[in-house]
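**Student:** Contents of model.csv (CSV, C-alpha atoms):
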chain,number,residue,atom,x,y,z
P,1,MET,CA,129.1,103.0,111.6
P,2,ALA,CA,131.6,100.5,110.2
P,3,LYS,CA,132.0,100.5,106.4
P,4,ARG,CA,129.5,97.8,105.4
P,5,PHE,CA,130.0,97.2,101.7
P,6,ARG,CA,133.1,97.9,99.7
P,7,ARG,CA,132.6,100.6,97.1
P,8,ILE,CA,134.5,99.9,93.9
P,9,GLU,CA,135.2,102.9,91.8
P,10,ARG,CA,137.2,101.3,89.0
P,11,ALA,CA,135.7,98.5,87.1
P,12,ASP,CA,138.5,98.0,84.5
P,13,ASN,CA,139.1,94.4,85.3
P,14,ASN,CA,135.5,93.4,85.2
P,15,PRO,CA,133.8,93.8,81.8
P,16,GLU,CA,130.3,93.1,83.3
P,17,LEU,CA,130.7,95.8,85.9
P,18,ALA,CA,132.5,98.2,83.5
P,19,SER,CA,129.5,98.0,81.1
P,20,LEU,CA,127.0,98.7,83.9
P,21,TYR,CA,129.1,101.6,85.2
P,22,SER,CA,129.3,103.2,81.8
P,23,GLU,CA,125.5,102.9,81.2
P,24,ILE,CA,124.9,104.4,84.7
P,25,THR,CA,127.2,107.3,84.3
P,26,GLU,CA,125.9,108.0,80.8
P,27,SER,CA,122.4,108.3,82.3
P,28,GLY,CA,123.7,111.1,84.5
P,29,LEU,CA,123.7,109.1,87.8
P,30,GLY,CA,127.3,109.9,88.5
P,31,ASP,CA,130.1,111.7,86.8
P,32,LYS,CA,133.2,109.6,86.0
P,33,VAL,CA,132.0,107.0,88.5
P,34,PRO,CA,128.4,106.0,89.3
P,35,ILE,CA,126.9,107.4,92.5
P,36,ASN,CA,127.7,105.6,95.8
P,37,TRP,CA,124.2,104.0,95.7
P,38,PHE,CA,125.5,101.9,92.8
P,39,THR,CA,129.2,101.4,93.6
P,40,ALA,CA,128.3,99.9,97.0
P,41,GLN,CA,126.7,97.0,95.0
P,42,ALA,CA,129.9,96.3,93.1
P,43,GLU,CA,130.5,93.0,94.9
P,44,ARG,CA,127.4,91.7,93.2
P,45,PRO,CA,127.1,92.8,89.5
P,46,ASP,CA,124.0,90.6,89.2
P,47,LEU,CA,122.2,92.5,91.9
P,48,LEU,CA,123.5,95.8,90.4
P,49,ALA,CA,122.1,94.9,87.0
P,50,ALA,CA,118.7,94.2,88.6
P,51,THR,CA,118.6,97.5,90.6
P,52,TRP,CA,119.9,99.5,87.7
P,53,GLY,CA,117.2,98.0,85.4
P,54,LEU,CA,114.6,99.0,88.0
P,55,THR,CA,116.0,102.5,88.3
P,56,LYS,CA,116.1,102.9,84.5
P,57,GLY,CA,112.5,101.6,84.0
P,58,VAL,CA,110.8,103.3,86.9
P,59,LEU,CA,112.7,106.6,87.5
P,60,LEU,CA,114.5,107.5,84.2
P,61,GLN,CA,111.9,106.4,81.7
P,62,GLY,CA,108.1,106.3,81.9
P,63,HIS,CA,105.5,109.0,81.3
P,64,LEU,CA,105.4,111.3,84.3
P,65,PRO,CA,107.4,114.5,84.2
P,66,PRO,CA,110.9,114.0,85.7
P,67,THR,CA,110.4,117.0,88.1
P,68,VAL,CA,107.3,115.3,89.6
P,69,LYS,CA,109.2,112.0,90.0
P,70,GLN,CA,112.1,113.8,91.8
P,71,MET,CA,109.6,115.6,94.0
P,72,ILE,CA,108.0,112.2,95.0
P,73,LEU,CA,111.4,110.8,95.8
P,74,ILE,CA,112.4,113.8,98.0
P,75,LYS,CA,109.0,113.8,99.8
P,76,ILE,CA,109.3,110.1,100.7
P,77,SER,CA,113.0,110.2,101.4
P,78,THR,CA,112.4,113.1,103.8
P,79,HIS,CA,109.6,111.2,105.5
P,80,ASN,CA,111.8,108.1,105.8
P,81,GLN,CA,114.6,110.3,107.1
P,82,CYS,CA,116.9,109.0,104.5
P,83,ARG,CA,119.6,111.7,104.3
P,84,TYR,CA,121.5,110.2,101.3
P,85,CYS,CA,118.4,110.1,99.1
P,86,THR,CA,117.0,113.5,100.3
P,87,ALA,CA,120.3,115.2,99.4
P,88,LEU,CA,120.7,113.4,96.1
P,89,HIS,CA,117.2,114.1,94.8
P,90,THR,CA,117.2,117.7,96.1
P,91,SER,CA,120.3,118.3,94.0
P,92,ALA,CA,118.6,116.7,91.0
P,93,LEU,CA,115.5,118.9,91.4
P,94,GLU,CA,117.7,122.0,91.7
P,95,ALA,CA,119.5,121.1,88.6
P,96,MET,CA,116.2,120.9,86.8
P,97,GLY,CA,115.5,124.5,87.6
P,98,VAL,CA,112.7,124.0,90.0
P,99,PRO,CA,112.3,127.1,92.3
P,100,LYS,CA,113.7,126.9,95.8
P,101,GLU,CA,110.4,127.7,97.5
P,102,VAL,CA,108.8,124.7,95.7
P,103,ILE,CA,111.7,122.4,96.8
P,104,ASP,CA,111.5,123.7,100.4
P,105,SER,CA,107.7,123.1,100.3
P,106,VAL,CA,108.3,119.5,99.3
P,107,THR,CA,110.8,118.8,102.1
P,108,THR,CA,109.4,120.8,105.0
P,109,ASP,CA,105.8,121.8,104.4
P,110,LEU,CA,103.3,119.0,105.1
P,111,ARG,CA,100.6,120.8,103.2
P,112,LEU,CA,102.8,121.2,100.1
P,113,SER,CA,101.4,124.7,99.7
P,114,GLN,CA,103.9,125.8,97.1
P,115,VAL,CA,103.4,122.7,94.9
P,116,PRO,CA,100.7,123.1,92.2
P,117,PRO,CA,97.5,121.1,93.0
P,118,PRO,CA,97.9,118.3,90.4
P,119,GLN,CA,101.5,117.6,91.4
P,120,ARG,CA,100.5,117.9,95.1
P,121,ALA,CA,97.9,115.2,94.6
P,122,MET,CA,100.4,112.9,93.0
P,123,LEU,CA,102.9,113.5,95.8
P,124,GLU,CA,100.2,112.8,98.4
P,125,PHE,CA,99.2,109.6,96.7
P,126,ALA,CA,102.8,108.3,96.4
P,127,MET,CA,103.4,109.2,100.0
P,128,LYS,CA,100.4,107.1,101.1
P,129,VAL,CA,101.6,104.2,99.0
P,130,ALA,CA,105.0,104.4,100.6
P,131,ARG,CA,103.8,104.8,104.1
P,132,GLU,CA,100.8,102.6,104.3
P,133,PRO,CA,99.8,100.9,101.0
P,134,ARG,CA,96.9,99.0,102.6
P,135,SER,CA,95.2,102.3,103.4
P,136,VAL,CA,95.0,103.6,99.8
P,137,THR,CA,91.4,104.0,98.9
P,138,ASP,CA,89.3,104.0,95.8
P,139,GLU,CA,88.7,107.7,96.6
P,140,ASP,CA,92.5,108.3,96.3
P,141,PHE,CA,92.4,106.7,92.9
P,142,GLN,CA,89.4,108.8,91.9
P,143,ARG,CA,91.2,112.0,92.9
P,144,LEU,CA,94.0,111.3,90.5
P,145,ARG,CA,91.5,110.4,87.7
P,146,GLU,CA,89.7,113.6,88.2
P,147,LEU,CA,93.0,115.5,87.7
P,148,GLY,CA,93.2,113.8,84.3
P,149,LEU,CA,95.7,111.0,85.1
P,150,SER,CA,95.3,107.9,83.1
P,151,GLU,CA,95.4,104.5,84.7
P,152,GLY,CA,98.9,103.9,83.4
P,153,GLU,CA,100.1,107.2,85.0
P,154,THR,CA,98.5,106.3,88.3
P,155,MET,CA,100.4,103.0,88.1
P,156,GLU,CA,103.6,104.9,87.7
P,157,VAL,CA,102.9,107.1,90.7
P,158,ALA,CA,102.2,104.0,92.8
P,159,MET,CA,105.4,102.3,91.5
P,160,MET,CA,107.4,105.5,92.3
P,161,GLY,CA,106.1,105.3,95.9
P,162,ALA,CA,107.3,101.7,96.2
P,163,PHE,CA,110.6,102.5,94.4
P,164,ALA,CA,111.3,105.4,96.9
P,165,ASN,CA,111.1,103.0,99.8
P,166,PHE,CA,113.3,100.6,97.9
P,167,ILE,CA,116.1,103.1,97.3
P,168,ASN,CA,115.9,104.5,100.8
P,169,THR,CA,116.2,101.0,102.3
P,170,TRP,CA,119.4,100.3,100.4
P,171,ALA,CA,120.9,103.7,101.2
P,172,ASP,CA,120.2,103.3,104.9
P,173,VAL,CA,121.3,99.7,105.3
P,174,SER,CA,124.4,100.1,103.2
P,175,GLY,CA,125.3,103.2,105.1
P,176,ILE,CA,126.7,105.0,102.0
P,177,PRO,CA,127.9,108.6,102.5
P,178,ILE,CA,126.5,111.6,100.6
P,179,GLU,CA,128.7,112.4,97.6
P,180,GLY,CA,131.0,115.2,98.1
P,181,ALA,CA,129.8,116.3,101.5
P,182,GLU,CA,130.9,113.3,103.5
P,183,ASP,CA,132.6,111.1,100.9
P,184,SER,CA,135.4,108.9,102.2
J,1,MET,CA,89.2,93.3,93.0
J,2,SER,CA,92.0,94.7,91.0
J,3,ARG,CA,92.0,98.4,90.4
J,4,PHE,CA,94.0,98.0,87.2
J,5,ASN,CA,92.8,96.5,84.0
J,6,GLN,CA,94.1,92.9,83.7
J,7,ILE,CA,94.5,91.6,80.2
J,8,LYS,CA,94.6,87.8,80.3
J,9,ARG,CA,95.5,87.0,76.7
J,10,PRO,CA,97.3,89.9,75.1
J,11,LYS,CA,96.7,89.0,71.5
J,12,GLY,CA,98.1,91.5,69.1
J,13,ASN,CA,100.4,93.0,71.7
J,14,PRO,CA,103.7,91.2,71.1
J,15,GLU,CA,105.6,93.1,73.9
J,16,LEU,CA,103.1,92.0,76.6
J,17,GLU,CA,102.8,88.5,75.1
J,18,ALA,CA,106.6,88.1,75.4
J,19,LEU,CA,106.6,89.3,79.0
J,20,TYR,CA,103.7,87.0,79.9
J,21,ARG,CA,105.6,84.1,78.3
J,22,ALA,CA,108.7,84.9,80.3
J,23,ALA,CA,106.7,85.3,83.5
J,24,ILE,CA,105.1,81.9,83.0
J,25,GLU,CA,108.5,80.3,82.2
J,26,ALA,CA,109.8,81.8,85.5
J,27,GLY,CA,107.0,80.0,87.4
J,28,MET,CA,104.5,82.8,87.6
J,29,GLU,CA,101.5,81.1,86.2
J,30,GLY,CA,98.1,81.9,87.7
J,31,SER,CA,95.1,79.7,88.3
J,32,GLU,CA,94.2,79.6,84.6
J,33,PRO,CA,96.6,77.6,82.4
J,34,GLY,CA,98.6,79.8,80.0
J,35,VAL,CA,97.8,83.0,81.9
J,36,PRO,CA,100.3,84.6,84.3
J,37,SER,CA,99.4,85.3,88.0
J,38,ASN,CA,97.3,88.4,88.9
J,39,PHE,CA,100.4,90.1,90.1
J,40,VAL,CA,101.7,90.0,86.5
J,41,THR,CA,98.5,90.8,84.7
J,42,SER,CA,97.8,93.8,86.9
J,43,PHE,CA,100.6,95.5,84.9
J,44,SER,CA,98.8,95.1,81.6
J,45,GLU,CA,98.5,98.8,80.9
J,46,ARG,CA,102.2,99.4,81.4
J,47,PRO,CA,104.4,96.7,79.9
J,48,ASP,CA,107.4,98.9,80.6
J,49,LEU,CA,106.8,98.8,84.3
J,50,LEU,CA,106.1,95.0,84.1
J,51,ALA,CA,109.5,94.5,82.4
J,52,SER,CA,111.2,96.5,85.2
J,53,THR,CA,109.5,94.6,87.9
J,54,LEU,CA,110.1,91.2,86.3
J,55,GLY,CA,113.8,92.2,86.0
J,56,LEU,CA,113.9,92.9,89.7
J,57,LEU,CA,112.2,89.6,90.5
J,58,LYS,CA,114.6,87.6,88.2
J,59,GLY,CA,117.7,89.3,89.5
J,60,VAL,CA,116.9,89.6,93.2
J,61,VAL,CA,114.3,87.0,94.0
J,62,MET,CA,114.8,84.1,91.5
J,63,GLY,CA,118.5,84.5,90.8
J,64,GLY,CA,121.4,85.0,93.3
J,65,VAL,CA,123.3,82.7,95.6
J,66,VAL,CA,121.2,82.5,98.8
J,67,PRO,CA,119.2,79.3,98.8
J,68,SER,CA,115.7,79.8,97.4
J,69,THR,CA,114.0,78.2,100.5
J,70,VAL,CA,115.6,80.9,102.7
J,71,LYS,CA,114.6,83.6,100.2
J,72,GLU,CA,111.0,82.4,100.2
J,73,MET,CA,111.0,82.3,104.0
J,74,ILE,CA,112.2,85.9,104.1
J,75,LEU,CA,109.6,87.0,101.6
J,76,MET,CA,106.9,85.2,103.5
J,77,ALA,CA,107.9,86.6,106.9
J,78,ILE,CA,107.9,90.2,105.3
J,79,ALA,CA,104.6,89.6,103.7
J,80,MET,CA,103.1,88.7,107.1
J,81,GLN,CA,104.8,91.7,108.7
J,82,ASN,CA,103.2,93.9,106.1
J,83,ASP,CA,99.9,92.1,106.4
J,84,CYS,CA,100.0,91.5,102.6
J,85,GLN,CA,97.5,88.7,102.0
J,86,TYR,CA,98.4,88.1,98.3
J,87,CYS,CA,102.1,87.8,98.9
J,88,SER,CA,101.7,85.6,102.1
J,89,VAL,CA,99.7,83.1,100.0
J,90,VAL,CA,102.1,83.1,97.1
J,91,HIS,CA,105.2,82.6,99.3
J,92,THR,CA,103.5,80.0,101.5
J,93,SER,CA,102.6,77.9,98.4
J,94,ALA,CA,106.1,78.3,97.1
J,95,LEU,CA,107.6,77.0,100.4
J,96,GLU,CA,105.1,74.1,100.4
J,97,ALA,CA,106.1,73.2,96.8
J,98,MET,CA,109.7,73.2,97.9
J,99,GLY,CA,108.9,70.6,100.5
J,100,VAL,CA,109.6,72.8,103.5
J,101,PRO,CA,108.0,71.2,106.6
J,102,THR,CA,104.7,72.7,107.7
J,103,GLU,CA,106.0,73.5,111.2
J,104,VAL,CA,108.8,75.5,109.7
J,105,ILE,CA,106.4,77.5,107.5
J,106,LYS,CA,104.1,78.1,110.4
J,107,SER,CA,107.0,79.3,112.5
J,108,CYS,CA,108.0,81.8,109.8
J,109,ALA,CA,104.5,83.0,109.5
J,110,SER,CA,103.4,83.4,113.1
J,111,ASP,CA,106.2,83.0,115.6
J,112,PRO,CA,108.3,86.1,116.2
J,113,GLU,CA,111.0,84.0,117.7
J,114,LEU,CA,111.1,81.7,114.6
J,115,LYS,CA,111.8,78.7,116.9
J,116,GLN,CA,111.3,76.0,114.3
J,117,VAL,CA,113.8,77.7,111.9
J,118,PRO,CA,117.4,76.6,112.1
J,119,PRO,CA,119.7,79.4,113.6
J,120,PRO,CA,121.5,80.6,110.5
J,121,GLN,CA,118.3,80.9,108.5
J,122,ARG,CA,116.6,82.5,111.5
J,123,ALA,CA,119.3,85.2,111.6
J,124,MET,CA,118.8,85.9,107.9
J,125,ILE,CA,115.1,86.2,108.3
J,126,LYS,CA,115.4,88.5,111.3
J,127,PHE,CA,117.9,90.7,109.3
J,128,GLY,CA,115.4,90.8,106.4
J,129,LEU,CA,112.5,91.7,108.6
J,130,LYS,CA,114.4,94.5,110.3
J,131,THR,CA,115.6,95.8,106.9
J,132,ALA,CA,112.0,95.8,105.6
J,133,ARG,CA,110.6,97.4,108.8
J,134,ASP,CA,113.2,99.8,110.0
J,135,PRO,CA,116.2,100.1,107.7
J,136,LYS,CA,117.7,102.8,109.8
J,137,GLY,CA,117.6,100.5,112.8
J,138,VAL,CA,120.0,98.0,111.2
J,139,THR,CA,123.2,98.0,113.2
J,140,ASP,CA,126.8,96.9,112.8
J,141,GLU,CA,126.0,94.1,115.3
J,142,ASP,CA,123.3,92.9,112.9
J,143,PHE,CA,125.9,92.7,110.2
J,144,ARG,CA,128.3,90.9,112.5
J,145,THR,CA,125.7,88.3,113.4
J,146,LEU,CA,125.4,87.3,109.8
J,147,ARG,CA,129.1,87.4,109.2
J,148,ASP,CA,129.6,85.1,112.3
J,149,TYR,CA,127.3,82.6,110.5
J,150,GLY,CA,129.7,82.7,107.6
J,151,LEU,CA,127.8,85.0,105.3
J,152,SER,CA,129.9,87.0,102.8
J,153,ASP,CA,129.2,90.7,102.1
J,154,GLY,CA,127.7,89.7,98.8
J,155,GLU,CA,125.2,87.3,100.6
J,156,ILE,CA,124.3,90.0,103.1
J,157,MET,CA,123.7,92.4,100.2
J,158,GLU,CA,121.4,89.8,98.6
J,159,VAL,CA,119.4,89.5,101.9
J,160,THR,CA,119.1,93.3,102.1
J,161,MET,CA,118.0,93.7,98.5
J,162,LEU,CA,115.5,90.9,98.9
J,163,ALA,CA,113.9,92.5,101.9
J,164,ALA,CA,113.7,95.9,100.0
J,165,ALA,CA,112.2,94.0,97.0
J,166,GLY,CA,109.7,92.2,99.4
J,167,ASN,CA,108.3,95.6,100.5
J,168,LEU,CA,108.1,96.7,96.9
J,169,LEU,CA,106.2,93.6,95.8
J,170,ASP,CA,103.8,93.8,98.9
J,171,THR,CA,103.2,97.5,98.2
J,172,TRP,CA,102.2,96.7,94.6
J,173,ALA,CA,100.0,93.8,95.6
J,174,ASP,CA,98.2,96.0,98.2
J,175,VAL,CA,97.7,99.1,96.1
J,176,SER,CA,96.7,97.3,93.0
J,177,GLY,CA,94.1,95.4,95.0
J,178,ILE,CA,94.8,92.1,93.2
J,179,THR,CA,93.0,89.0,94.5
J,180,VAL,CA,94.7,85.7,95.4
J,181,ASP,CA,95.0,83.5,92.3
Take the structure from the file and write it as structure tokens.
**Tutor:**
Amino acid sequence: MAKRFRRIERADNNPELASLYSEITESGLGDKVPINWFTAQAERPDLLAATWGLTKGVLLQGHLPPTVKQMILIKISTHNQCRYCTALHTSALEAMGVPKEVIDSVTTDLRLSQVPPPQRAMLEFAMKVAREPRSVTDEDFQRLRELGLSEGETMEVAMMGAFANFINTWADVSGIPIEGAEDS
Amino acid sequence: MSRFNQIKRPKGNPELEALYRAAIEAGMEGSEPGVPSNFVTSFSERPDLLASTLGLLKGVVMGGVVPSTVKEMILMAIAMQNDCQYCSVVHTSALEAMGVPTEVIKSCASDPELKQVPPPQRAMIKFGLKTARDPKGVTDEDFRTLRDYGLSDGEIMEVTMLAAAGNLLDTWADVSGITVD
């Protein structure tokens, strides 16, 4: 695959980009430089600002536990066969101290047998949202309610499903390499 | 029937009030004067998620450098591809309001060859449709086609992001179960 978008690592000459980059790295999505998912958008700081705002609001903030959110992203990224996002969010979940058998269950076990039932229900709901939103039923909503999720929490699970597809799409079309492993 | 509570007039909730005002100013008014569209009100319970979604809409859909008629055509074609009734109606109305000829709108909605759409726009719509349907299937040749029409990397990026946003908006409309305004 040809390199599709230029990744800019240093934003020194562009104050708008520099301020976005420092916000992103401060949030942990990158070390000295933001992750490739963001630096591939450097040609268009306006688009970067919008996707960063979405990431901050939907992934980094909100009410659901961060581990559940990472599990949702891994589950959907695996389903979409997005290598970049699967690798990135698996590392994030490992860093949160989630046991390896739970992570493996999210990536390879369709029954999610090692994932506790409430989280499993959220993962299954988000998966259905991402794969086939028109097929989500009132019963699917009812199931989350019975597990004690509020309407606002269910909304967040739904948005996480849509967000996972969004990040997978950009990673796949931009053709960005996985950090470290295949960086160029 | 919406699955989520829709507050029409959020008196006493300044955060939601401000977001509603911004949405209406951005052209997202619903059928009732002074009340935003069902898409917006379906977020009533979570102003934070509404703010994030409006930010995406402003930056990727309403802002940018790609002409807004092309963007609406891309969103409409993707809504049809996803069989999202709410979004198909919204984007068809937007194209009509922009004065795009009926035969072009129809071609976008129902002709896989997009015959009535001029070639450069047709290429952008096809790229957007493929991005939304099968992002892993997008090839270097697809990029080259757009570059040959004179699109810059930044413009191609905008088409890509727009397509990804189209799926996100369709997903929300379908899962929330909102009715057409």
**Student:** Near Thr137 of chain P, within 12 Å and counting all atoms listed in the file, which residues show up once chain neighbours fewer than 6 positions away are dropped, as JSON, numbers by chain?
**Tutor:** {"P": [125, 128, 129, 143, 144], "J": [3, 174, 175, 176, 177]}
**Student:** Using only C-alpha atoms, tabulate the residues of chain J lying at most 6 Å from any atom of chain P, each with its closest atom pair and that distance in Å to one decimal, by chain and increasing residue number, as JSON lines.
**Tutor:**
{"residue": "J:Glu45", "atom": "CA", "partner": "P:Gly152", "partner_atom": "CA", "distance": 5.7}
{"residue": "J:Arg46", "atom": "CA", "partner": "P:Gly152", "partner_atom": "CA", "distance": 5.9}
{"residue": "J:Ser52", "atom": "CA", "partner": "P:Leu54", "partner_atom": "CA", "distance": 5.1}
{"residue": "J:Gly55", "atom": "CA", "partner": "P:Ala50", "partner_atom": "CA", "distance": 5.9}
{"residue": "J:Leu56", "atom": "CA", "partner": "P:Ala50", "partner_atom": "CA", "distance": 5.1}
{"residue": "J:Gly59", "atom": "CA", "partner": "P:Ala50", "partner_atom": "CA", "distance": 5.1}
{"residue": "J:Pro135", "atom": "CA", "partner": "P:Thr169", "partner_atom": "CA", "distance": 5.5}
{"residue": "J:Lys136", "atom": "CA", "partner": "P:Asp172", "partner_atom": "CA", "distance": 5.5}
{"residue": "J:Gly154", "atom": "CA", "partner": "P:Glu43", "partner_atom": "CA", "distance": 5.8}
{"residue": "J:Ala164", "atom": "CA", "partner": "P:Phe166", "partner_atom": "CA", "distance": 5.2}
{"residue": "J:Leu168", "atom": "CA", "partner": "P:Ala162", "partner_atom": "CA", "distance": 5.1}
{"residue": "J:Thr171", "atom": "CA", "partner": "P:Pro133", "partner_atom": "CA", "distance": 5.6}
{"residue": "J:Asp174", "atom": "CA", "partner": "P:Arg134", "partner_atom": "CA", "distance": 5.5}
{"residue": "J:Val175", "atom": "CA", "partner": "P:Pro133", "partner_atom": "CA", "distance": 5.6}
**Student:** Atom CA of Leu16 of chain J and atom CA of Glu16 of chain P are how many Å apart?
**Tutor:** 28.0 Å
**Student:** Ranking P:Ile74, P:Leu17, P:Met127, P:Leu88 by minimum distance to Asp104 of chain P and counting only C-alpha atoms, which one comes first?
**Tutor:**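 Among P:Ile74, P:Leu17, P:Met127, P:Leu88, it is P:Ile74 that comes nearest to Asp104 of chain P.
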**Student:** In Å, with one decimal, what is the gap from atom CA of Thr86 of chain P to atom CA of Glu139 of chain P?
**Tutor:** 29.1 Å
**Student:** Within 12 Å of Pro118 of chain J, counting only C-alpha atoms, which residues qualify if same-chain residues fewer than 4 places away don't, as a PyMOL selection string?
**Tutor:** chain J and resi 70+73+103-105+107-108+113-114+122-125+149
**Student:** So that I have them on file, write out the residues from the current selection with C-alpha atoms, as an mmCIF file, in the coordinates of the input.
**Tutor:**
data_model
loop_
_atom_site.group_PDB
_atom_site.id
_atom_site.type_symbol
_atom_site.label_atom_id
_atom_site.label_comp_id
_atom_site.auth_asym_id
_atom_site.auth_seq_id
_atom_site.Cartn_x
_atom_site.Cartn_y
_atom_site.Cartn_z
ATOM 1 C CA VAL J 70 115.600 80.900 102.700
ATOM 2 C CA MET J 73 111.000 82.300 104.000
ATOM 3 C CA GLU J 103 106.000 73.500 111.200
ATOM 4 C CA VAL J 104 108.800 75.500 109.700
ATOM 5 C CA ILE J 105 106.400 77.500 107.500
ATOM 6 C CA SER J 107 107.000 79.300 112.500
ATOM 7 C CA CYS J 108 108.000 81.800 109.800
ATOM 8 C CA GLU J 113 111.000 84.000 117.700
ATOM 9 C CA LEU J 114 111.100 81.700 114.600
ATOM 10 C CA ARG J 122 116.600 82.500 111.500
ATOM 11 C CA ALA J 123 119.300 85.200 111.600
ATOM 12 C CA MET J 124 118.800 85.900 107.900
ATOM 13 C CA ILE J 125 115.100 86.200 108.300
ATOM 14 C CA TYR J 149 127.300 82.600 110.500
#
**Student:** Smallest atom-to-atom distance to Leu59 of chain P: which of J:Val159, J:Ala26, J:Ile78, J:Leu49, using only C-alpha atoms?
**Tutor:** J:Leu49
**Student:** Find the spatial neighbours of Leu151 of chain J, counting all atoms listed in the file, within a cut-off of 12 Å - ignore same-chain residues fewer than 2 positions away - and output them as a PDB file with C-alpha atoms, keeping the file's coordinate frame.
**Tutor:**
ATOM      1  CA  VAL J  65     123.300  82.700  95.600  1.00  0.00           C
ATOM      2  CA  VAL J  66     121.200  82.500  98.800  1.00  0.00           C
ATOM      3  CA  PRO J 120     121.500  80.600 110.500  1.00  0.00           C
ATOM      4  CA  GLN J 121     118.300  80.900 108.500  1.00  0.00           C
ATOM      5  CA  ALA J 123     119.300  85.200 111.600  1.00  0.00           C
ATOM      6  CA  MET J 124     118.800  85.900 107.900  1.00  0.00           C
ATOM      7  CA  ASP J 142     123.300  92.900 112.900  1.00  0.00           C
ATOM      8  CA  PHE J 143     125.900  92.700 110.200  1.00  0.00           C
ATOM      9  CA  ARG J 144     128.300  90.900 112.500  1.00  0.00           C
ATOM     10  CA  THR J 145     125.700  88.300 113.400  1.00  0.00           C
ATOM     11  CA  LEU J 146     125.400  87.300 109.800  1.00  0.00           C
ATOM     12  CA  ARG J 147     129.100  87.400 109.200  1.00  0.00           C
ATOM     13  CA  ASP J 148     129.600  85.100 112.300  1.00  0.00           C
ATOM     14  CA  TYR J 149     127.300  82.600 110.500  1.00  0.00           C
ATOM     15  CA  ASP J 153     129.200  90.700 102.100  1.00  0.00           C
ATOM     16  CA  GLY J 154     127.700  89.700  98.800  1.00  0.00           C
ATOM     17  CA  GLU J 155     125.200  87.300 100.600  1.00  0.00           C
ATOM     18  CA  ILE J 156     124.300  90.000 103.100  1.00  0.00           C
ATOM     19  CA  MET J 157     123.700  92.400 100.200  1.00  0.00           C
ATOM     20  CA  GLU J 158     121.400  89.800  98.600  1.00  0.00           C
ATOM     21  CA  VAL J 159     119.400  89.500 101.900  1.00  0.00           C
TER      22      VAL J 159
END
**Student:** Could you please determine the separation between atom CA of Thr179 of chain J and atom CA of Ile24 of chain J in Å, to one decimal place?
**Tutor:** 18.1 Å
**Student:** Skip Arg21 of chain J itself and residues of its chain fewer than 5 positions away, then list as a ChimeraX atom specification all residues within 12 Å of it, counting only C-alpha atoms.
**Tutor:** /J:8-10,14-16,26-29,33-37,40-41,51,54
**Student:** Go through J:Gln6, J:Glu96, J:Lys58, J:Lys11 one by one, measure the shortest atom-to-atom distance of each to Glu25 of chain J using only C-alpha atoms, and give the residue with the smallest value.
**Tutor:**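 Checking each candidate against Glu25 of chain J, we get J:Lys58 as the closest.
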